[in-house]
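J.: Got a structure for you, written out below as structure tokens; questions coming shortly.
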Amino acid sequence: MMQQKVVFNDMVTMSESKPWRFMLVGSIGAGKTTLLKALESKNPGSVCKTQMIDYSGWGIDTPGEFVELGHLRRALISTSFDAQILVAVQDATRKDSFFPPNYFLIFPQHTIGVITKLDRPHADIEHAKLLLRRAGVTGEIFCVSALTGLGISELRDYLLNQNSML
């Protein structure tokens with residue numbers, strides 16, 4: 001058996017092709033899985049609770065517990081290396097946020113925000129935007145309803161455009 005000598009500089013210049021993906025991050029019940037189904041033009045009507053990180057399609061769906069339980073946040077950091085864009089998802093009906101202040105500034109990827117559940121009666125878009133900005137979302141913020149389709153095509157077009165730019 002012959003060993004191959006690999007020099008560190010060779011390792012740095014080797015590039016592996018990986019699929020373009022975005023990662024959805026948000027609290028339990030924020031609508032991440034429903035949003036992903038709507039973006040993929042699937043029926044978002046009934047979804048099951050996300051139990052583990054899901055790499056299906058062009059998005060990475062993450063369980064809300066990974067945001068809500070501090071000791072699990074490191075899993076989001078490692079998973080983020082498989083994504084080119086982070087999508088912070090905030091439920092428009094919630095008055096609080098599980099994202100720590102400036103949380104998204106620790107990630108090297110561009111982070112956009114998505115405010116979900118605009119179809120709900122007590123949706124507060126301005127408050128949700130404030131929560132996302134406090135969490136360190138520096139990119140665009142999209143307002144959507146996955147159930148009615150409001151804002152989904154704009155978000156999909158944006159993500160597809162980002163895919164072609166990278």
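Residue numbering restarts at 1 in every chain; chains get A, B, ... in the order shown in the structure tokens, and ligands count up from 1 in that same order.
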Fewer than 6 positions away in the same chain doesn't count, so skip those; otherwise give me all residues within 9 Å of A:Asn163, counting only C-alpha atoms, as a ChimeraX atom specification.

T.: /A:20-21,84

J.: Go ahead and write the residues just picked, N, CA and C atoms, as a PDB file, in the first residue's frame.

T.:
ATOM      1  N   TRP A  20     -26.102  24.398  -3.944  1.00  0.00           N
ATOM      2  CA  TRP A  20     -26.506  25.686  -3.385  1.00  0.00           C
ATOM      3  C   TRP A  20     -27.727  25.468  -2.510  1.00  0.00           C
ATOM      4  N   ARG A  21     -27.655  25.987  -1.280  1.00  0.00           N
ATOM      5  CA  ARG A  21     -28.769  25.826  -0.348  1.00  0.00           C
ATOM      6  C   ARG A  21     -28.917  27.052   0.535  1.00  0.00           C
ATOM      7  N   GLN A  84     -25.537  28.729   1.776  1.00  0.00           N
ATOM      8  CA  GLN A  84     -24.958  29.963   1.256  1.00  0.00           C
ATOM      9  C   GLN A  84     -25.709  31.188   1.780  1.00  0.00           C
TER      10      GLN A  84
END

J.: Compile the contact shell of A:Val25 as a ChimeraX atom specification: residues with an atom at most 9 Å away, counting only C-alpha atoms, same-chain residues fewer than 6 positions apart removed.

T.: /A:32,60-64,66-67,76,86-90

J.: Limited to N, CA and C atoms, could you put the picked residues into a file as a short mmCIF file (atom, residue, chain, number, x, y, z; two decimals), in the first residue's frame?

T.:
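What ended up in part02.cif:
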data_model
loop_
_atom_site.label_atom_id
_atom_site.label_comp_id
_atom_site.auth_asym_id
_atom_site.auth_seq_id
_atom_site.Cartn_x
_atom_site.Cartn_y
_atom_site.Cartn_z
N LYS A 32 -41.38 27.42 9.50
CA LYS A 32 -40.24 27.11 8.63
C LYS A 32 -40.57 26.02 7.62
N ILE A 60 -32.46 23.92 3.79
CA ILE A 60 -32.15 23.12 4.97
C ILE A 60 -33.15 23.55 6.04
N ASP A 61 -33.99 22.62 6.46
CA ASP A 61 -35.01 22.89 7.47
C ASP A 61 -34.45 22.47 8.82
N THR A 62 -34.54 23.34 9.81
CA THR A 62 -33.98 23.04 11.13
C THR A 62 -35.08 23.04 12.18
N PRO A 63 -34.95 22.19 13.21
CA PRO A 63 -35.95 22.19 14.29
C PRO A 63 -35.87 23.48 15.10
N GLY A 64 -37.02 23.97 15.54
CA GLY A 64 -37.06 25.18 16.34
C GLY A 64 -36.33 25.06 17.67
N PHE A 66 -33.50 24.04 18.15
CA PHE A 66 -32.09 24.42 17.99
C PHE A 66 -31.88 25.90 18.25
N VAL A 67 -32.92 26.70 18.12
CA VAL A 67 -32.84 28.13 18.45
C VAL A 67 -33.23 28.35 19.91
N LEU A 76 -26.62 24.57 14.85
CA LEU A 76 -26.96 25.50 13.76
C LEU A 76 -25.71 26.10 13.14
N LEU A 86 -28.61 32.39 4.97
CA LEU A 86 -29.43 32.05 6.13
C LEU A 86 -30.74 32.82 6.04
N VAL A 87 -31.82 32.14 6.38
CA VAL A 87 -33.14 32.75 6.37
C VAL A 87 -33.68 32.69 7.80
N ALA A 88 -33.71 33.84 8.46
CA ALA A 88 -34.24 33.94 9.82
C ALA A 88 -35.75 34.10 9.73
N VAL A 89 -36.48 33.18 10.34
CA VAL A 89 -37.94 33.17 10.23
C VAL A 89 -38.55 33.65 11.55
N GLN A 90 -39.39 34.68 11.45
CA GLN A 90 -40.07 35.25 12.63
C GLN A 90 -41.58 35.21 12.41
#

J.: Which value, in Å to one decimal, gives the distance between atom CA of A:Pro121 and atom CA of A:Ala146?

T.: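 Answer for the atom CA of A:Pro121 to atom CA of A:Ala146 separation: 14.9 Å.
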
J.: Find the distance between atom CA of A:Asp91 and atom CA of A:Ala128 and write it in Å to one decimal.

T.: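 It comes out at 7.2 Å.
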
J.: Would you mind reading off the distance between atom CA of A:Gln162 and atom CA of A:Ala83, one decimal, in Å?

T.: 12.0 Å

J.: As an NGL selection string, list the residues of chain A assigned to strand (DSSP E) by DSSP on the backbone atoms of this structure.

T.: :A and (22-26 or 59-61 or 85-91 or 110-116 or 141-143)

J.: So which one's closest to A:Asn43, A:Ile141, A:Gly149, A:His122, A:Arg134? Using only C-alpha atoms, please.

T.: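 Distance minimum relative to A:Asn43 lands on A:Gly149.
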
J.: So that I can see what lies close to A:Glu65, please list as a ChimeraX atom specification the residues with an atom at most 12 Å from it, counting only C-alpha atoms and leaving out residues fewer than 5 positions away in the same chain.

T.: /A:25-30,49-53,70-76,98-99

J.: Filtering to C-alpha atoms, could you give me those residues as a compact mmCIF listing (two decimals), in the first residue's frame?

T.:
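out23.txt, freshly written:
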# COMPACT_ATOMS: atom_id res chain seq x y z
CA VAL A 25 -33.73 29.18 11.24
CA GLY A 26 -36.56 30.05 13.63
CA SER A 27 -38.41 29.10 16.77
CA ILE A 28 -40.84 26.21 17.20
CA GLY A 29 -44.01 26.88 15.22
CA ALA A 30 -42.58 29.86 13.30
CA LYS A 49 -43.03 18.58 13.38
CA THR A 50 -39.40 18.75 12.21
CA GLN A 51 -37.49 16.33 14.43
CA MET A 52 -34.01 16.73 12.96
CA ILE A 53 -32.14 18.77 10.39
CA GLY A 70 -29.05 27.47 23.92
CA HIS A 71 -26.98 24.29 24.15
CA LEU A 72 -28.26 23.20 20.71
CA ARG A 73 -27.35 26.43 18.89
CA ARG A 74 -23.89 25.09 18.09
CA ALA A 75 -25.58 22.57 15.77
CA LEU A 76 -26.96 25.50 13.76
CA PHE A 98 -35.83 33.40 20.74
CA PHE A 99 -32.90 34.84 18.80
